[in-house]
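Working notes, structure below.
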Amino acid sequence: QADFDALSLPAFSYQREGRPATITSYRQAPEAMFDDAEAALLWARRALEAALRAQKAKPVRKTASPPASKARR
């Protein structure tokens with residue numbers, strides 16, 4: 001988030017039912033990323049690292065096992 005704040009990149013916002021809504025976990029991409037392959041790679045790596053951190057922070061969910069009667073069929 002600090003990288004986005006340093007570039008004054010705003011959070012994603014849109015109109016929902018006629019009112020503005022903002023999603024703070026999504027930010028505008030820096031313009032340089034679209035013209036510079038190295039900048040695009042840097043921001044892509046940052047995005048991947050953030051996604052991996054978010055996935056790691058979530059608790060592991062157990063899947064429900066099928067009822068015993070259906071499992072034998």
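Going through the structure tokens in order, the chains are called A, B, and so on, while each chain numbers its residues from 1 and the ligands are numbered from 1 in the order shown.
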
A:Ala11: which residues within 10 Å, counting only C-alpha atoms, same-chain residues fewer than 3 positions away excluded, as a ChimeraX atom specification?
-> /A:4-5,8,22-29

Could you write out that same residue set with C-alpha atoms as a PDB file, in the first residue's frame?
ATOM      1  CA  PHE A   4       0.526   3.228  -4.119  1.00  0.00           C
ATOM      2  CA  ASP A   5       0.402   6.004  -1.522  1.00  0.00           C
ATOM      3  CA  SER A   8      -0.830   9.129  -4.893  1.00  0.00           C
ATOM      4  CA  THR A  22     -14.831   2.508  -2.973  1.00  0.00           C
ATOM      5  CA  ILE A  23     -12.855  -0.716  -2.699  1.00  0.00           C
ATOM      6  CA  THR A  24      -9.709   0.128  -0.787  1.00  0.00           C
ATOM      7  CA  SER A  25      -7.975  -3.178  -1.527  1.00  0.00           C
ATOM      8  CA  TYR A  26      -7.806  -2.280  -5.252  1.00  0.00           C
ATOM      9  CA  ARG A  27      -5.794   0.692  -6.481  1.00  0.00           C
ATOM     10  CA  GLN A  28      -5.238   2.441  -9.779  1.00  0.00           C
ATOM     11  CA  ALA A  29      -2.205   1.120 -11.661  1.00  0.00           C
TER      12      ALA A  29
END

Quick one: pick out all strand (DSSP E or B) residues within stretch 2-73 of chain A from a backbone DSSP run and write them as a list in words.
->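 Taking stretch 2-73 of chain A and keeping strand (DSSP E or B) only, one gets Ala11, Phe12, Ser13, Tyr14, Gln15, Arg16, Arg19, Pro20, Ala21, Thr22, Ile23, Thr24, Ser25, Tyr26 and Arg27 of chain A.
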
For the selection you just gave me, I'd like the residues written to a file as a compact mmCIF listing (two decimals), in the first residue's frame, keeping all heavy atoms.
# COMPACT_ATOMS: atom_id res chain seq x y z
N ALA A 11 -7.74 4.67 -4.59
CA ALA A 11 -8.43 3.39 -4.49
C ALA A 11 -9.47 3.31 -5.60
O ALA A 11 -9.95 4.33 -6.12
CB ALA A 11 -9.10 3.27 -3.13
N PHE A 12 -9.84 2.09 -5.97
CA PHE A 12 -10.84 1.87 -7.02
C PHE A 12 -12.20 2.35 -6.52
O PHE A 12 -12.62 2.02 -5.41
CB PHE A 12 -10.91 0.38 -7.36
CG PHE A 12 -11.94 0.03 -8.38
CD1 PHE A 12 -11.76 0.36 -9.71
CD2 PHE A 12 -13.10 -0.62 -8.00
CE1 PHE A 12 -12.72 0.04 -10.65
CE2 PHE A 12 -14.07 -0.95 -8.94
CZ PHE A 12 -13.87 -0.62 -10.26
N SER A 13 -12.89 3.13 -7.33
CA SER A 13 -14.22 3.58 -6.95
C SER A 13 -15.15 3.48 -8.16
O SER A 13 -14.70 3.53 -9.31
CB SER A 13 -14.19 5.01 -6.41
OG SER A 13 -13.73 5.90 -7.40
N TYR A 14 -16.42 3.33 -7.90
CA TYR A 14 -17.44 3.18 -8.94
C TYR A 14 -18.79 3.61 -8.37
O TYR A 14 -18.91 3.88 -7.18
CB TYR A 14 -17.49 1.74 -9.45
CG TYR A 14 -17.91 0.74 -8.39
CD1 TYR A 14 -19.22 0.28 -8.34
CD2 TYR A 14 -17.01 0.27 -7.44
CE1 TYR A 14 -19.62 -0.64 -7.37
CE2 TYR A 14 -17.39 -0.64 -6.48
CZ TYR A 14 -18.70 -1.09 -6.44
OH TYR A 14 -19.10 -1.98 -5.48
N GLN A 15 -19.79 3.67 -9.23
CA GLN A 15 -21.14 4.02 -8.81
C GLN A 15 -21.93 2.74 -8.53
O GLN A 15 -21.96 1.83 -9.35
CB GLN A 15 -21.86 4.83 -9.89
CG GLN A 15 -21.27 6.19 -10.11
CD GLN A 15 -21.57 7.12 -8.95
OE1 GLN A 15 -22.69 7.16 -8.44
NE2 GLN A 15 -20.56 7.88 -8.52
N ARG A 16 -22.57 2.69 -7.36
CA ARG A 16 -23.39 1.54 -7.00
C ARG A 16 -24.74 2.08 -6.53
O ARG A 16 -24.79 2.80 -5.53
CB ARG A 16 -22.73 0.74 -5.89
CG ARG A 16 -23.53 -0.47 -5.49
CD ARG A 16 -22.80 -1.26 -4.45
NE ARG A 16 -23.58 -2.43 -4.10
CZ ARG A 16 -23.24 -3.30 -3.21
NH1 ARG A 16 -22.10 -3.17 -2.58
NH2 ARG A 16 -24.00 -4.33 -2.95
N ARG A 19 -24.81 5.73 -6.00
CA ARG A 19 -23.93 6.31 -4.97
C ARG A 19 -22.50 5.83 -5.20
O ARG A 19 -22.29 4.71 -5.65
CB ARG A 19 -24.39 5.90 -3.58
CG ARG A 19 -25.76 6.46 -3.22
CD ARG A 19 -26.16 6.05 -1.85
NE ARG A 19 -26.39 4.58 -1.89
CZ ARG A 19 -26.79 3.86 -0.87
NH1 ARG A 19 -26.98 4.42 0.29
NH2 ARG A 19 -26.99 2.57 -0.99
N PRO A 20 -21.53 6.67 -4.85
CA PRO A 20 -20.13 6.23 -5.01
C PRO A 20 -19.77 5.13 -4.01
O PRO A 20 -20.19 5.17 -2.86
CB PRO A 20 -19.32 7.50 -4.75
CG PRO A 20 -20.23 8.41 -4.01
CD PRO A 20 -21.63 8.03 -4.36
N ALA A 21 -19.04 4.15 -4.49
CA ALA A 21 -18.53 3.06 -3.65
C ALA A 21 -17.03 2.94 -3.90
O ALA A 21 -16.56 3.16 -5.01
CB ALA A 21 -19.24 1.76 -3.98
N THR A 22 -16.28 2.62 -2.86
CA THR A 22 -14.83 2.51 -2.97
C THR A 22 -14.39 1.16 -2.42
O THR A 22 -14.86 0.72 -1.39
CB THR A 22 -14.15 3.64 -2.17
OG1 THR A 22 -14.61 4.88 -2.68
CG2 THR A 22 -12.64 3.57 -2.32
N ILE A 23 -13.46 0.54 -3.15
CA ILE A 23 -12.86 -0.72 -2.70
C ILE A 23 -11.39 -0.40 -2.42
O ILE A 23 -10.59 -0.22 -3.33
CB ILE A 23 -12.98 -1.83 -3.75
CG1 ILE A 23 -14.45 -2.07 -4.09
CG2 ILE A 23 -12.32 -3.11 -3.26
CD1 ILE A 23 -14.66 -3.06 -5.20
N THR A 24 -11.05 -0.31 -1.16
CA THR A 24 -9.71 0.13 -0.79
C THR A 24 -8.62 -0.91 -1.05
O THR A 24 -7.45 -0.56 -1.10
CB THR A 24 -9.66 0.54 0.69
OG1 THR A 24 -10.07 -0.57 1.49
CG2 THR A 24 -10.55 1.74 0.96
N SER A 25 -8.99 -2.17 -1.26
CA SER A 25 -7.97 -3.18 -1.53
C SER A 25 -7.54 -3.20 -3.00
O SER A 25 -6.61 -3.92 -3.35
CB SER A 25 -8.48 -4.56 -1.11
OG SER A 25 -9.66 -4.88 -1.81
N TYR A 26 -8.20 -2.41 -3.84
CA TYR A 26 -7.81 -2.28 -5.25
C TYR A 26 -7.41 -0.84 -5.50
O TYR A 26 -8.09 0.08 -5.06
CB TYR A 26 -8.95 -2.67 -6.19
CG TYR A 26 -9.26 -4.14 -6.19
CD1 TYR A 26 -10.26 -4.65 -5.39
CD2 TYR A 26 -8.53 -5.01 -6.98
CE1 TYR A 26 -10.54 -6.01 -5.38
CE2 TYR A 26 -8.81 -6.37 -6.97
CZ TYR A 26 -9.81 -6.85 -6.17
OH TYR A 26 -10.09 -8.19 -6.16
N ARG A 27 -6.29 -0.65 -6.21
CA ARG A 27 -5.79 0.69 -6.48
C ARG A 27 -5.57 0.87 -7.97
O ARG A 27 -5.39 -0.11 -8.72
CB ARG A 27 -4.46 0.93 -5.78
CG ARG A 27 -4.46 0.89 -4.25
CD ARG A 27 -5.39 1.80 -3.62
NE ARG A 27 -5.14 2.95 -2.85
CZ ARG A 27 -4.12 3.35 -2.15
NH1 ARG A 27 -2.99 2.70 -2.12
NH2 ARG A 27 -4.15 4.45 -1.46

Once DSSP has gone over the backbone, tell me which residues of chain A are in helix (DSSP H, G or I), as JSON, numbers by chain.
-> {"A": [2, 3, 4, 5, 6, 31, 32, 33, 34, 37, 38, 39, 40, 41, 42, 43, 44, 45, 46, 47, 48, 49, 50, 51, 52, 53, 54, 55, 56, 57, 68, 69, 70, 71]}

If we count only C-alpha atoms, what is near A:Trp43 at a cut-off of 12 Å, once residues fewer than 4 positions away on the same chain are taken out, given as a PyMOL selection string?
-> chain A and resi 1+3-4+27-34+36-39+47-50
